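Written out below as structure tokens is the structure these notes cover.
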Amino acid sequence: MKKPKLGQNFLVDEAACINIVGALGDIRNRTVVEIGPGHGAITTRLAERAARLHCIELDDSLFRELTFRFRDQPQVTIHHSDVLMTDPAAFVPEQVGEEAATIDVVGNLPYYITSDILLHLFKAARQGLLRRAVVMMQREVAERIAAAPGTSDYGPLSAFTQLHASVVNQFTLGPNSFSPPPEVDSTVLRLDFAPRFDELQVDAEGFNKFLRASFAQKRKTLSNNLRNAGYTPQELLAAWPADIPPQVRSEAVSLELMAKLYRALGAASAAG
Ligand SMILES: C[S@@+](CC[C@H](N)C(=O)[O-])C[C@H]1O[C@@H](n2cnc3c(N)ncnc32)[C@H](O)[C@@H]1O
């Protein structure tokens with residue numbers, strides 16, 4: 001079957017649209033950003049509930065269709081752009097009261113860029129801009145995201161997601177909920193953003209970089225990946241915690257132990 005351009009598998013399952021919007025919780029006072037509104041299956045319901053709605057659509061004709069359709073709803077803005085080029089900070093409303101202002105994100109994601117979109121969202125989460133995201137993706141990707149360290153599904157996307165958010169699996173849909181039907185099942189996840197950097201006693205940007213280096217090459221051990229990133233064997237030996245096996249792969253190491261190793265390496269290089 002010919003793959004639709006821009007990951008355009010449109011949701012035609014009304015109950016699923018209602019449940020996706022429901023998973024966001026109470027959005028009466030919230031600013032919501034929808035990624036890839038398409039023909040507006042989810043958008044219509046969001047527009048009825050959210051205080052403000054920003055929709056980001058890359059496709060020219062869908063952008064025009066939606067702009068026309070929502071022309072009389074001032075709380076809805078349709079943006080013609082690539083979500084990966086969009087700065088989430090631009091959508092955050094002005095702070096009212098003590099609590100920092102945040103946005104919620106929703107989307108039946110274009111599957112060809114799921115990981116890139118998630119990494120884009122995590123960057124915004126590190127800046128404290130996001131409260132929650134309800135996102136649909138290919139089922140296998142959702143399973144990887146929610147997997148525990150040491151299981152076969154766990155990998156860099158699991159580590160990065162679990163570093164930034166708690167993950168709740170909402171529901172899974174078969175191909176017939178979409179037109180045209182994709183070749184895969186799709187799962188909706190809710191991500192409640194709560195970056196763990198303080199709790200893990202690490203600095204956000206440094207630890208992110210460290211994790212990227214740790215997972216750089218799939219078949220290599222953690223220590224080999226770190227050597228490739230520039231740590232010397234002596235540095236690694238001096239800092240290596242006793243509770244991390246020397247030949248372990250990153251996929252088997254919890255975020256707590258990754259953070260322990262990162263802190264030890266930082267302390268070792270500061271002392272040296
Ligand atoms: C899986 S469809 C979902 C459409 C609609 N929300 C629905 O559920 O029926 C993905 C949508 O994302 C749009 N899209 C693809 N790449 C995009 C990008 N880089 N930035 C913004 N939108 C994009 C597509 O044009 C399409 O409308």
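Starting from 1 in every chain, residues are counted up; chains themselves are A, B, ... following the order of the structure tokens, and ligands are numbered from 1 as listed.
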Write as an mmCIF file with C-alpha atoms, in the first residue's frame the residues around ligand 1, taking 9 Å as the cut-off and counting only C-alpha atoms and all ligand atoms.
```cif
data_model
loop_
_atom_site.group_PDB
_atom_site.id
_atom_site.type_symbol
_atom_site.label_atom_id
_atom_site.label_comp_id
_atom_site.auth_asym_id
_atom_site.auth_seq_id
_atom_site.Cartn_x
_atom_site.Cartn_y
_atom_site.Cartn_z
ATOM 1 C CA LYS A 5 2.332 11.729 2.618
ATOM 2 C CA LEU A 6 3.143 13.545 5.871
ATOM 3 C CA GLY A 7 1.833 10.609 7.950
ATOM 4 C CA GLN A 8 -1.752 11.514 7.080
ATOM 5 C CA ASN A 9 -3.918 8.767 8.560
ATOM 6 C CA PHE A 10 -7.033 10.607 9.680
ATOM 7 C CA LEU A 11 -8.977 9.537 12.740
ATOM 8 C CA VAL A 12 -12.532 8.485 11.886
ATOM 9 C CA CYS A 17 -11.601 11.617 19.560
ATOM 10 C CA GLU A 34 -2.601 20.531 18.756
ATOM 11 C CA ILE A 35 0.070 18.989 16.557
ATOM 12 C CA GLY A 36 -1.165 18.051 13.064
ATOM 13 C CA PRO A 37 -4.911 18.826 13.252
ATOM 14 C CA GLY A 38 -5.536 17.356 9.781
ATOM 15 C CA HIS A 39 -9.236 17.639 8.895
ATOM 16 C CA GLY A 40 -10.015 18.665 12.474
ATOM 17 C CA ALA A 41 -11.404 15.428 13.995
ATOM 18 C CA ILE A 42 -9.937 16.254 17.431
ATOM 19 C CA THR A 43 -9.788 20.015 16.857
ATOM 20 C CA CYS A 55 -3.099 24.180 15.927
ATOM 21 C CA ILE A 56 0.085 23.547 13.956
ATOM 22 C CA GLU A 57 -0.416 22.084 10.474
ATOM 23 C CA LEU A 58 2.239 21.716 7.780
ATOM 24 C CA ASP A 59 0.012 20.741 4.851
ATOM 25 C CA ASP A 60 -1.062 23.770 2.731
ATOM 26 C CA LEU A 62 -5.384 21.366 5.335
ATOM 27 C CA PHE A 63 -4.136 24.673 6.757
ATOM 28 C CA HIS A 79 -0.543 28.043 12.333
ATOM 29 C CA HIS A 80 0.971 27.020 9.021
ATOM 30 C CA SER A 81 4.299 25.506 10.047
ATOM 31 C CA ASP A 82 6.436 22.494 10.791
ATOM 32 C CA VAL A 83 5.945 21.561 14.437
ATOM 33 C CA LEU A 84 9.678 20.902 14.782
ATOM 34 C CA MET A 85 10.405 24.513 13.776
ATOM 35 C CA THR A 86 7.881 25.891 16.247
ATOM 36 C CA VAL A 106 -2.359 16.954 22.057
ATOM 37 C CA GLY A 107 -1.982 15.176 18.757
ATOM 38 C CA ASN A 108 -2.492 12.167 16.597
ATOM 39 C CA LEU A 109 1.157 12.463 15.615
ATOM 40 C CA PRO A 110 2.570 12.140 12.108
ATOM 41 C CA TYR A 111 4.312 8.817 12.815
ATOM 42 C CA TYR A 112 7.336 9.487 10.599
ATOM 43 C CA ILE A 113 8.615 12.087 13.099
ATOM 44 C CA ILE A 117 8.434 15.550 18.172
ATOM 45 C CA MET A 136 -1.109 9.004 19.695
ATOM 46 C CA MET A 137 1.682 7.023 18.088
ATOM 47 C CA PHE A 178 -8.295 5.657 10.562
ATOM 48 C CA SER A 179 -8.681 6.633 6.939
#
```
Quiz item: Taking the backbone alone, and naming residues the way the document does, which bits of range 204-267 of chain A are alpha helix (DSSP H) by DSSP, as number ranges by chain?
Solution: A: 204-214, 222-228, 233-239, 255-267
Write out, as JSON lines, each residue of range 106-167 of chain A that has an atom at most 12 Å from range 88-94 of chain A, together with the closest pair of atoms and their distance in Å to one decimal, counting only C-alpha atoms, rows going by chain and rising number.
```
{"residue": "A:Ile117", "atom": "CA", "partner": "A:Pro88", "partner_atom": "CA", "distance": 11.5}
{"residue": "A:His120", "atom": "CA", "partner": "A:Pro88", "partner_atom": "CA", "distance": 8.9}
{"residue": "A:Leu121", "atom": "CA", "partner": "A:Pro88", "partner_atom": "CA", "distance": 8.1}
{"residue": "A:Phe122", "atom": "CA", "partner": "A:Pro88", "partner_atom": "CA", "distance": 10.8}
{"residue": "A:Lys123", "atom": "CA", "partner": "A:Pro88", "partner_atom": "CA", "distance": 9.5}
{"residue": "A:Ala124", "atom": "CA", "partner": "A:Pro88", "partner_atom": "CA", "distance": 6.6}
{"residue": "A:Ala125", "atom": "CA", "partner": "A:Pro88", "partner_atom": "CA", "distance": 9.6}
{"residue": "A:Arg126", "atom": "CA", "partner": "A:Ala89", "partner_atom": "CA", "distance": 11.7}
{"residue": "A:Gln127", "atom": "CA", "partner": "A:Ala89", "partner_atom": "CA", "distance": 8.8}
{"residue": "A:Gly128", "atom": "CA", "partner": "A:Ala89", "partner_atom": "CA", "distance": 9.6}
{"residue": "A:Leu129", "atom": "CA", "partner": "A:Ala89", "partner_atom": "CA", "distance": 6.6}
{"residue": "A:Leu130", "atom": "CA", "partner": "A:Pro88", "partner_atom": "CA", "distance": 8.6}
{"residue": "A:Arg131", "atom": "CA", "partner": "A:Val92", "partner_atom": "CA", "distance": 10.9}
```
Self-check item: Surrounding residues of range 210-213 of chain A excluding itself and chain neighbours under 3 positions, 12 Å, only C-alpha atoms, as a PyMOL selection string
Solution: chain A and resi 119+155-161+163+202-207+216-218+220-231+250-251+253-263+265-266
Quiz item: Just how far from CA of Phe215 in chain A is CA of His164 in chain A, in Å to one decimal?
Solution: 16.8 Å
Self-check item: Near-range 174-176 of chain A list (8 Å; only C-alpha atoms; drop same-chain fewer than 5 positions) as a VMD selection string
Solution: chain A and resid 181 to 186
Practice problem: Give me the residues within 12 Å of range 69-73 of chain A as a count of residues only, counting only C-alpha atoms and dropping any in the same chain fewer than 3 places off. | Solution: 21
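Backbone DSSP over range 173-205 of chain A yields strand (DSSP E or B) at Leu173, Phe178, Ser179, Ser186, Thr187, Val188, Leu189, Arg190, Leu191, Asp192 and Phe193 of chain A.
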Requested write-out: C-alpha atoms of the selected residues, as a compact mmCIF listing (two decimals), in the first residue's frame:
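What landed in part.txt:
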```txt
# COMPACT_ATOMS: atom_id res chain seq x y z
CA LEU A 173 -6.79 1.48 18.33
CA PHE A 178 -8.30 5.66 10.56
CA SER A 179 -8.68 6.63 6.94
CA SER A 186 -1.90 2.97 17.42
CA THR A 187 -1.68 3.79 21.12
CA VAL A 188 -2.60 6.96 23.00
CA LEU A 189 -0.28 7.89 25.87
CA ARG A 190 -0.68 10.61 28.45
CA LEU A 191 2.58 12.21 29.53
CA ASP A 192 2.46 14.21 32.76
CA PHE A 193 5.58 16.30 32.66
```
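If you count only C-alpha atoms and ignore residues fewer than 2 places along the chain from Ile27 in chain A, what sits within 8 Å of it is Leu24, Gly25, Asn29, Arg30, Thr31, Val32, Arg49, Ala50 and Ala51 of chain A.
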Quiz prompt | Residue neighbourhood Ala264 in chain A, 12 Å, only C-alpha atoms, exclusion window fewer than 3 positions, as a count of residues only | solution = 20
